[in-house]
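Student: This one is query_8.txt, compact mmCIF, C-alpha atoms.
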# COMPACT_ATOMS: atom_id res chain seq x y z
CA MET W 1 -30.65 -261.73 82.48
CA PRO W 2 -33.78 -259.54 82.64
CA PRO W 3 -33.31 -256.01 84.03
CA ARG W 4 -33.90 -255.60 87.75
CA ARG W 5 -37.38 -254.44 88.72
CA THR W 6 -37.43 -250.73 89.58
CA PHE W 7 -40.04 -248.65 91.37
CA GLY W 8 -41.15 -245.25 90.21
CA ARG W 9 -41.13 -244.96 86.43
CA ARG W 10 -42.55 -241.43 86.36
CA TRP W 11 -41.13 -238.55 88.32
CA TRP W 12 -43.89 -238.54 90.96
CA GLY W 13 -43.48 -242.28 91.58
CA ARG W 14 -39.72 -241.78 91.93
CA ALA W 15 -40.39 -238.83 94.24
CA TRP W 16 -42.39 -241.15 96.54
CA VAL W 17 -39.45 -243.59 96.69
CA GLU W 18 -36.94 -240.79 97.27
CA ALA W 19 -39.10 -239.38 100.07
CA LEU W 20 -39.12 -242.79 101.76
CA GLU W 21 -35.37 -243.26 101.39
CA GLN W 22 -34.30 -239.74 102.33
CA ARG W 23 -36.87 -237.39 103.84
CA ALA W 24 -39.07 -239.76 105.86
CA LYS W 25 -36.10 -240.86 108.03
CA LEU W 26 -36.86 -244.56 107.77
CA ASP W 27 -34.30 -247.21 108.73
CA PRO W 28 -31.99 -247.34 105.66
CA ASN W 29 -30.87 -250.86 106.55
CA ARG W 30 -34.42 -252.23 106.27
CA LEU W 31 -35.48 -250.66 103.00
CA PRO W 32 -33.25 -252.79 100.70
CA ARG W 33 -34.80 -255.98 102.13
CA GLY W 34 -38.22 -254.51 101.41
CA ARG W 35 -37.26 -253.87 97.78
CA THR W 36 -36.22 -257.50 97.43
CA TYR W 37 -39.52 -258.64 98.91
CA ALA W 38 -41.49 -256.35 96.60
CA ARG W 39 -39.67 -257.74 93.56
CA LYS W 40 -40.60 -261.31 94.56
CA GLY W 41 -44.30 -260.57 94.22
CA VAL W 42 -45.22 -261.54 97.79
CA VAL W 43 -47.57 -258.58 98.40
CA ASP W 44 -51.28 -259.27 97.93
CA GLN W 45 -54.49 -257.24 98.21
CA LEU W 46 -52.79 -253.85 98.32
CA ALA W 47 -55.49 -251.26 99.07
CA ILE W 48 -55.28 -247.50 99.54
CA SER W 49 -57.92 -245.40 101.25
CA ALA W 50 -58.02 -242.03 102.98
CA GLY W 51 -54.90 -241.87 105.13
CA GLU W 52 -54.27 -245.63 105.06
CA ILE W 53 -52.50 -248.38 103.11
CA THR W 54 -53.29 -252.04 103.79
CA ALA W 55 -51.91 -255.27 102.32
CA TRP W 56 -51.09 -258.89 103.03
CA VAL W 57 -47.46 -259.95 102.69
CA ARG W 58 -46.33 -263.54 102.41
CA GLY W 59 -43.25 -264.28 104.52
CA SER W 60 -41.48 -267.33 105.89
CA ARG W 61 -44.56 -268.57 107.79
CA PRO W 62 -47.59 -270.27 106.22
CA ASP W 63 -49.97 -267.42 107.06
CA PRO W 64 -49.35 -264.02 105.44
CA TYR W 65 -48.66 -260.97 107.59
CA ARG W 66 -51.15 -258.12 107.84
CA VAL W 67 -49.66 -254.70 107.09
CA ALA W 68 -51.47 -251.45 107.84
CA ILE W 69 -49.77 -248.09 107.32
CA ARG W 70 -51.35 -244.84 108.48
CA MET W 71 -50.21 -241.66 106.75
CA ARG W 72 -50.83 -238.37 108.49
CA GLU W 73 -53.83 -236.64 106.94
CA PHE W 74 -53.76 -232.93 106.24
CA SER W 75 -55.51 -230.53 108.55
CA ALA W 76 -58.13 -228.17 107.15
CA GLY W 77 -55.52 -225.42 107.07
CA GLU W 78 -53.06 -227.56 105.12
CA TRP W 79 -55.78 -228.45 102.60
CA ASP W 80 -56.53 -224.77 102.14
CA LYS W 81 -52.85 -224.15 101.34
CA LEU W 82 -52.67 -227.04 98.87
CA LEU W 83 -55.90 -226.13 97.10
CA ASP W 84 -54.83 -222.51 96.89
CA VAL W 85 -51.59 -223.57 95.14
CA ALA W 86 -53.42 -226.01 92.84
CA GLY W 87 -56.13 -223.47 91.99
CA ARG W 88 -53.78 -220.70 90.92
CA ARG W 89 -53.26 -222.25 87.50
CA LEU W 90 -55.89 -223.96 85.41
CA GLY W 91 -53.18 -226.21 83.99
CA HIS W 92 -52.61 -227.89 87.35
CA ALA W 93 -56.12 -229.33 87.52
CA ALA W 94 -56.00 -230.26 83.82
CA ALA W 95 -52.73 -232.13 84.34
CA LEU W 96 -54.15 -234.01 87.30
CA LEU W 97 -57.17 -235.03 85.24
CA ASP W 98 -54.78 -236.38 82.60
CA GLY W 99 -53.07 -238.53 85.24
CA GLU W 100 -50.05 -236.30 85.70
CA LEU W 101 -48.70 -234.42 88.70
CA PRO W 102 -47.00 -231.14 87.75
CA GLU W 103 -43.64 -230.91 89.47
CA GLU W 104 -44.24 -227.19 90.00
CA LEU W 105 -47.41 -228.02 91.97
CA ALA W 106 -45.53 -230.47 94.20
CA VAL W 107 -42.72 -227.99 94.87
CA GLN W 108 -45.04 -225.04 95.54
CA SER W 109 -47.30 -227.05 97.85
CA ARG W 110 -44.28 -228.18 99.85
CA GLU W 111 -43.05 -224.61 100.13
CA ALA W 112 -46.54 -223.57 101.30
CA GLY W 113 -46.45 -226.13 104.13
CA ALA W 114 -48.62 -228.85 102.58
CA ASP W 115 -46.17 -231.45 101.28
CA LEU W 116 -47.93 -234.28 99.46
CA LEU W 117 -44.94 -236.59 99.93
CA PRO W 118 -44.20 -238.19 103.33
CA GLY W 119 -41.82 -236.54 105.75
CA PRO W 120 -40.52 -237.45 109.24
CA GLY W 121 -43.31 -238.83 111.43
CA ASP W 122 -45.92 -238.91 108.64
CA LEU W 123 -45.96 -242.71 108.29
CA ARG W 124 -47.18 -244.97 111.10
CA PRO W 125 -46.84 -248.64 110.10
CA ARG W 126 -48.06 -251.78 111.84
CA CYS W 127 -47.27 -255.35 110.84
CA SER W 128 -48.38 -258.62 112.43
CA CYS W 129 -44.87 -260.07 112.13
CA PRO W 130 -42.67 -260.29 115.27
CA ASP W 131 -40.05 -257.85 113.93
CA SER W 132 -40.23 -254.57 115.87
CA ALA W 133 -38.03 -252.61 113.44
CA ASN W 134 -39.47 -249.60 111.62
CA PRO W 135 -39.96 -250.52 108.91
CA CYS W 136 -39.87 -254.31 108.88
CA LYS W 137 -39.22 -255.86 105.46
CA HIS W 138 -42.95 -256.54 104.95
CA VAL W 139 -43.87 -252.88 105.51
CA ALA W 140 -40.95 -251.76 103.33
CA ALA W 141 -42.16 -253.99 100.49
CA VAL W 142 -45.56 -252.31 100.63
CA TYR W 143 -43.94 -248.87 100.62
CA TYR W 144 -42.20 -249.65 97.33
CA LEU W 145 -45.28 -251.10 95.67
CA VAL W 146 -47.22 -247.93 96.52
CA ALA W 147 -44.85 -246.22 94.07
CA ASP W 148 -46.56 -248.20 91.28
CA GLU W 149 -49.94 -246.94 92.46
CA VAL W 150 -48.66 -243.36 92.54
CA ASP W 151 -47.24 -243.85 89.03
CA ALA W 152 -50.62 -244.93 87.75
CA ASP W 153 -52.62 -242.24 89.54
CA PRO W 154 -51.03 -239.24 91.31
CA PHE W 155 -54.33 -238.69 93.13
CA VAL W 156 -53.13 -241.54 95.39
CA LEU W 157 -51.00 -238.93 97.14
CA PHE W 158 -54.07 -236.76 97.75
CA THR W 159 -56.02 -239.78 99.02
CA LEU W 160 -53.27 -240.65 101.48
CA ARG W 161 -53.48 -237.09 102.78
CA GLY W 162 -57.20 -237.58 103.42
CA ARG W 163 -59.18 -236.53 100.32
CA GLY W 164 -59.85 -238.42 97.11
CA ARG W 165 -59.99 -237.39 93.47
CA ASP W 166 -63.66 -236.37 93.31
CA GLU W 167 -63.54 -234.26 96.48
CA VAL W 168 -60.35 -232.47 95.44
CA LEU W 169 -61.60 -231.69 91.94
CA ALA W 170 -64.95 -230.46 93.30
CA GLN W 171 -63.17 -228.10 95.67
CA LEU W 172 -60.91 -226.84 92.89
CA ARG W 173 -63.97 -226.10 90.72
CA GLU W 174 -65.59 -224.26 93.63
CA LEU W 175 -62.48 -222.14 94.14
CA ARG W 176 -62.54 -221.11 90.48
CA THR W 177 -66.26 -220.25 90.56
CA PRO W 178 -66.96 -216.50 91.02
CA ASN W 179 -68.42 -215.70 94.42
CA ALA W 180 -71.69 -214.48 92.95
CA ALA W 181 -72.25 -217.76 91.13
CA ARG W 182 -71.65 -219.95 94.13
CA PRO W 183 -74.80 -221.36 95.73
CA ALA W 184 -75.51 -219.91 99.14
CA ARG W 185 -75.10 -222.35 101.98
CA ALA W 186 -77.76 -222.60 104.64
CA PRO W 187 -76.40 -221.65 108.04
CA ASP W 188 -75.63 -224.60 110.29
CA VAL W 189 -77.84 -224.12 113.34
CA GLY W 190 -76.62 -227.29 115.00
CA LEU W 191 -78.77 -229.34 117.36
CA THR W 192 -81.23 -227.53 119.62
CA PRO W 193 -81.31 -228.51 123.34
CA LYS W 194 -84.87 -229.83 122.93
CA LYS W 195 -83.85 -232.18 120.13
CA ALA W 196 -80.70 -233.20 121.95
CA TYR W 197 -82.59 -234.26 125.10
CA ALA W 198 -85.25 -236.00 123.00
CA ARG W 199 -82.74 -238.27 121.29
CA ARG W 200 -82.82 -241.91 122.30
CA ILE W 201 -79.64 -243.06 123.94
CA ALA W 202 -78.14 -245.94 121.99
CA PRO W 203 -77.04 -248.94 124.04
CA LEU W 204 -73.36 -249.26 124.70
CA PRO W 205 -71.60 -251.80 122.48
CA PRO W 206 -70.34 -254.96 124.19
CA LEU W 207 -66.84 -254.80 125.59
CA PRO W 208 -64.21 -256.47 123.42
CA ALA W 209 -62.68 -259.73 124.58
CA ILE W 210 -59.69 -259.47 126.89
CA PRO W 211 -56.55 -260.18 124.85
CA GLY W 212 -54.46 -263.23 125.59
CA GLU W 213 -51.30 -261.21 126.12
CA PRO W 214 -50.23 -257.57 126.28
CA GLY W 215 -49.44 -256.10 122.89
CA PRO W 216 -46.08 -254.56 121.94
CA PRO W 217 -45.70 -250.79 122.22
CA ALA W 218 -45.75 -248.68 119.09
CA VAL W 219 -42.40 -247.98 117.45
CA LEU W 220 -41.32 -244.36 117.74
CA ASP W 221 -40.33 -242.79 114.43
CA LEU W 222 -38.03 -240.24 116.03
CA ASP W 223 -36.11 -239.94 119.28
CA PRO W 224 -37.42 -237.40 121.82
CA PRO W 225 -35.60 -234.05 121.88
CA ALA W 226 -32.23 -234.33 123.64
CA ARG W 227 -33.16 -231.61 126.13
CA THR W 228 -35.86 -233.85 127.63
CA GLY W 229 -33.35 -236.42 128.87
CA LEU W 230 -35.58 -239.20 127.48
CA THR W 231 -34.70 -241.86 124.93
CA SER W 232 -36.79 -244.01 122.63
CA ALA W 233 -35.63 -247.09 124.54
CA ALA W 234 -36.75 -245.64 127.88
CA LEU W 235 -40.16 -244.61 126.52
CA THR W 236 -40.62 -248.02 124.89
CA ALA W 237 -39.81 -249.72 128.21
CA LEU W 238 -42.35 -247.52 130.01
CA ALA W 239 -45.00 -248.27 127.38
CA ALA W 240 -44.33 -252.01 127.63
CA ASP W 241 -44.57 -251.83 131.42
CA ALA W 242 -47.86 -249.89 131.22
CA ALA W 243 -49.27 -252.49 128.81
CA SER W 244 -48.21 -255.30 131.13
CA LEU W 245 -49.79 -253.56 134.13
CA ALA W 246 -53.03 -252.93 132.23
CA PHE W 247 -53.07 -256.56 131.13
CA GLY W 248 -52.67 -257.66 134.76
CA LEU W 249 -55.50 -255.39 135.88
CA LEU W 250 -57.83 -256.85 133.25
CA HIS W 251 -57.07 -260.43 134.19
CA THR W 252 -56.67 -260.34 137.96
CA ARG W 253 -58.79 -257.32 139.01
CA ASP W 254 -56.07 -256.61 141.61
CA ALA W 255 -56.08 -253.12 143.06
CA LEU W 256 -52.80 -252.15 141.40
CA ALA W 257 -54.06 -248.89 139.95
CA ASP W 258 -53.48 -247.02 143.24
CA LEU W 259 -49.88 -248.05 143.88
CA THR W 260 -47.73 -245.67 145.84
CA PHE W 261 -44.48 -244.44 144.35
CA ALA W 262 -42.48 -246.93 146.45
CA GLU W 263 -44.76 -249.83 145.49
CA ASP W 264 -44.62 -249.05 141.79
CA LEU W 265 -40.84 -248.66 141.98
CA ALA W 266 -40.53 -252.10 143.60
CA ARG W 267 -42.89 -253.59 141.02
CA ARG W 268 -40.86 -252.24 138.14
CA ALA W 269 -37.59 -253.35 139.68
CA ALA W 270 -38.99 -256.87 140.12
CA ARG W 271 -39.66 -257.30 136.39
CA PRO W 272 -37.30 -259.68 134.55
CA GLY W 273 -34.37 -257.82 133.04
CA ALA W 274 -35.12 -254.57 134.90
CA ASP W 275 -32.30 -252.05 135.21
CA VAL W 276 -32.42 -251.93 139.01
CA PHE W 277 -29.41 -249.66 139.35
CA GLY W 278 -30.79 -247.23 136.78
CA LEU W 279 -34.16 -247.17 138.55
CA ALA W 280 -32.47 -246.64 141.91
CA ALA W 281 -30.46 -243.71 140.55
CA ALA W 282 -33.54 -242.12 138.96
CA ALA W 283 -35.57 -242.55 142.17
CA GLU W 284 -32.65 -241.44 144.38
CA VAL W 285 -32.75 -244.54 146.57
CA ALA W 286 -29.94 -246.91 147.56
CA PRO W 287 -29.57 -249.83 145.12
CA SER W 288 -29.37 -252.31 148.01
CA GLU W 289 -32.70 -251.02 149.35
CA LEU W 290 -34.37 -251.36 145.97
CA ILE W 291 -32.99 -254.85 145.41
CA VAL W 292 -34.53 -256.05 148.70
CA SER W 293 -37.83 -254.30 147.85
CA ALA W 294 -37.90 -255.97 144.45
CA GLN W 295 -37.33 -259.37 146.07
CA ALA W 296 -40.21 -258.74 148.48
CA TRP W 297 -42.45 -257.80 145.54
CA ARG W 298 -41.51 -260.93 143.65
CA GLU W 299 -42.41 -263.07 146.67
CA ALA W 300 -45.79 -261.55 147.52
CA GLY W 301 -46.49 -258.30 145.64
CA ARG W 302 -47.55 -255.28 147.64
CA SER W 303 -48.31 -257.37 150.76
CA GLY W 304 -44.74 -258.69 150.64
CA LEU W 305 -43.43 -255.14 150.41
CA ALA W 306 -45.65 -254.17 153.36
CA ALA W 307 -44.20 -257.05 155.40
CA LEU W 308 -40.73 -255.75 154.61
CA ARG W 309 -41.51 -252.24 155.83
CA ASP W 310 -44.44 -252.27 158.27
CA VAL W 311 -43.91 -252.41 162.02
CA TRP W 312 -47.12 -252.74 164.05
CA SER W 313 -48.61 -254.47 167.09
CA PRO W 314 -51.00 -257.32 166.19
CA GLY W 315 -51.73 -258.48 169.77
CA PRO W 316 -50.28 -261.42 171.76
CA GLY W 317 -52.24 -264.30 170.19
CA PRO W 318 -50.52 -264.75 166.79
CA LEU W 319 -47.11 -263.96 168.27
CA ALA W 320 -47.43 -266.62 170.94
CA VAL W 321 -48.09 -269.27 168.28
CA ALA W 322 -45.06 -268.16 166.25
CA ARG W 323 -42.87 -268.06 169.35
CA ALA W 324 -43.80 -271.64 170.21
CA GLU W 325 -42.95 -272.83 166.70
CA LEU W 326 -39.58 -271.05 166.59
CA ALA W 327 -38.65 -272.30 170.07
CA GLU W 328 -37.52 -275.56 168.44
CA LEU W 329 -34.75 -273.74 166.59
CA PRO W 330 -31.39 -273.16 168.34
CA GLY W 331 -31.06 -269.75 169.93
CA GLU W 332 -33.07 -267.26 171.98
CA VAL W 333 -36.53 -266.35 170.68
CA LYS W 334 -37.12 -262.59 170.64
CA VAL W 335 -40.48 -260.91 170.09
CA TRP W 336 -40.87 -257.27 169.03
CA ARG W 337 -44.10 -255.84 167.71
CA ASN W 338 -45.11 -258.03 164.71
CA ARG W 339 -41.74 -259.81 164.44
CA VAL W 340 -40.54 -263.03 166.04
CA THR W 341 -36.80 -263.72 165.67
CA VAL W 342 -34.44 -266.56 166.50
CA GLY W 343 -30.90 -266.35 165.17
CA PRO W 344 -30.87 -265.68 161.42
CA VAL W 345 -34.60 -266.44 160.98
CA GLN W 346 -37.42 -263.96 161.49
CA LEU W 347 -41.17 -264.38 160.98
CA ARG W 348 -43.25 -261.25 160.42
CA TYR W 349 -47.01 -261.12 160.88
CA GLY W 350 -48.68 -259.09 158.13
CA ARG W 351 -51.85 -257.04 158.26
CA ASP W 352 -53.34 -259.62 155.87
CA SER W 353 -53.10 -262.23 158.69
CA ARG W 354 -50.34 -264.13 156.91
CA TRP W 355 -46.79 -264.88 158.01
CA TYR W 356 -43.70 -263.86 156.07
CA ARG W 357 -40.29 -265.45 156.48
CA PHE W 358 -37.08 -263.39 156.41
CA VAL W 359 -33.46 -264.50 156.77
CA ARG W 360 -30.42 -262.50 157.83
CA VAL W 361 -27.88 -262.04 155.01
CA ALA W 362 -24.86 -259.75 155.35
CA GLY W 363 -26.53 -257.75 158.11
CA GLN W 364 -29.82 -257.27 156.24
CA TRP W 365 -33.18 -259.04 156.44
CA TRP W 366 -34.17 -260.63 153.11
CA PRO W 367 -37.60 -262.04 152.13
CA ASP W 368 -37.30 -265.81 151.91
CA GLY W 369 -40.18 -267.35 150.02
CA PRO W 370 -43.93 -266.83 149.73
CA PRO W 371 -46.14 -266.19 152.80
CA ALA W 372 -48.02 -268.86 154.76
CA GLU W 373 -51.20 -268.93 156.83
CA GLN W 374 -49.51 -270.69 159.76
CA PRO W 375 -46.03 -270.01 161.20
CA VAL W 376 -45.30 -273.74 161.39
CA ASP W 377 -44.92 -273.75 157.61
CA LEU W 378 -42.05 -271.26 157.85
CA ALA W 379 -40.31 -272.27 161.10
CA TYR W 380 -37.24 -274.11 159.84
CA PRO W 381 -33.51 -273.30 160.05
CA ALA W 382 -31.88 -270.98 157.57
CA GLU W 383 -29.81 -272.73 154.90
CA GLY W 384 -26.03 -272.41 154.95
When written as structure tokens, how does the structure in this file appear?
Tutor:
Amino acid sequence: MPPRRTFGRRWWGRAWVEALEQRAKLDPNRLPRGRTYARKGVVDQLAISAGEITAWVRGSRPDPYRVAIRMREFSAGEWDKLLDVAGRRLGHAAALLDGELPEELAVQSREAGADLLPGPGDLRPRCSCPDSANPCKHVAAVYYLVADEVDADPFVLFTLRGRGRDEVLAQLRELRTPNAARPARAPDVGLTPKKAYARRIAPLPPLPAIPGEPGPPAVLDLDPPARTGLTSAALTALAADAASLAFGLLHTRDALADLTFAEDLARRAARPGADVFGLAAAAEVAPSELIVSAQAWREAGRSGLAALRDVWSPGPGPLAVARAELAELPGEVKVWRNRVTVGPVQLRYGRDSRWYRFVRVAGQWWPDGPPAEQPVDLAYPAEG
């Protein structure tokens, strides 16, 4: 039996793998599946550029999955620290040119606050597969194959932090050049107001097509601090709800962007699978009140919620029509403001000139179906 395929033959390739498995805080249960995938040779077109890794990974479906991994690029200050460490010894640059990464350089740069290897929160993966885990097995497979690239060229680590081989070596040479020998740089005067106002304004690019469905929220690498009282699950739910609301705004053009607190609370409670009791506790409202509000929202959105809560005087005309229709039901017809009641059935006239049906259940009025233009469509006995 041939020996099992390993990743990281040289110390810097192994250091990449160890950083993934230990320091980067990735899901340890997902990484072994990624190793298996990487060994099967299912990763194609692996490419590495400044701060990004891309690849196609063949899975169980006919079409391969698209993997894109962003690695946090160094700030200017972090680059200054790394270049200062690398420039202290001529041997560091010589080793890099020979395709080697001195371990002393890696250790010293980490101690200086410019760690070439990934740490918590440095890696931001995306995969077109439906698995929301971080990482999914396709992303994990790419992680392991990057170790081969690092083995072959340690400058891959510099590239992933934002600067490639040529730029790094040029900056190292500049650092080792005496100040007197360095060419003077012309001062950057920027753009004068006259030139700025004379520039031709480029036309705006066309808007992208509206997506067919809201996208999934990004996966959080770390939980929020405990003192905040937030959890990754709660933030993910909020992000998914915001995406769904934005998707609805794009498709329907409804005026949902100016919802009141009560309206938005009812909307969220009306979503399938919503934790109504948790929302009620967080909003400090009675669960029974929120359940009824959510039902009103499901029936007719914000106009349904308004029918549940609004009491107003529409004038005698609409009420007379509703009273005549309800007169056929057993019991005394009572009219008060915008509400016409007989027994356990009540019709409410909304400010949108539509009628809303409510039924009496356990001492509380419940929305009972979508609204109608005419009260005759809603004037029938309550079931049960």
Student: Tell me, as a list in words, which residues lie within 12 Å of W:Trp11, counting only C-alpha atoms; anything in the same chain fewer than 2 positions away does not count.
Tutor: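 The filter keeps Phe7, Gly8, Arg9, Gly13, Arg14, Ala15, Trp16, Val17, Glu18, Ala19, Glu100, Leu101, Pro102, Glu103, Glu104, Ala106, Ala147, Asp148, Val150, Asp151, Ala152 and Pro154 of chain W.
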Student: Just the number, please: distance in Å from atom CA of W:Asn29 to atom CA of W:Ser132, one decimal.
Tutor: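 Atom CA of W:Ser132 lies 13.7 Å from atom CA of W:Asn29.
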Student: Taking all atoms listed in the file into account, which of W:Arg161, W:Arg302, W:Arg70, W:Arg88 comes nearest W:Arg126?
Tutor: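 Of the candidates, the smallest distance to W:Arg126 is held by W:Arg70.
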Student: Please determine the residues with any atom at most 8 Å from (-39.5, -254.8, 99.7) (coordinates as given in the file, with all atoms listed in the file counting) and report them as a list in words.
Tutor: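 Those residues, ordered by chain and then number, are Leu31, Pro32, Arg33, Gly34, Arg35, Thr36, Tyr37, Ala38, Arg39, Lys137, His138, Val139, Ala140, Ala141, Val142, Tyr143, Tyr144 and Leu145 of chain W.
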Student: How many Å separate atom CA of W:Arg354 from atom CA of W:Leu250?
Tutor: 25.9 Å
Student: Go ahead and compute the interatomic distance for atom CA of W:Asp258 and atom CA of W:Ala246, in Å to one decimal.
Tutor: 12.5 Å
Student: At a cut-off of 12 Å, using only C-alpha atoms, what residues contact W:Glu167? Leave out same-chain residues fewer than 4 positions from it and give the result as a list in words.
Tutor: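 Residues meeting the cut-off are Ala50, Trp79, Leu83, Phe155, Phe158, Thr159, Gly162, Arg163, Gln171, Leu172, Arg173 and Glu174 of chain W.
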Student: Could you check which of W:Lys195, W:Pro316, W:Val292, W:Arg323 is closest to W:Asp368, using only C-alpha atoms?
Tutor: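 Smallest separation from W:Asp368 among the options: W:Val292.
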Student: Here is a test: counting all atoms listed in the file, which residue of W:Leu26, W:Val107, W:Ala47, W:Leu160 is nearest to W:Asn134?
Tutor: W:Leu26
Student: Give the answer as one residue: which of W:Arg66, W:Arg357, W:Arg61, W:Arg298 has the shortest atom-to-atom distance to W:Pro272, using only C-alpha atoms?
Tutor: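 Ranking W:Arg66, W:Arg357, W:Arg61, W:Arg298 by distance to W:Pro272, first place goes to W:Arg298.
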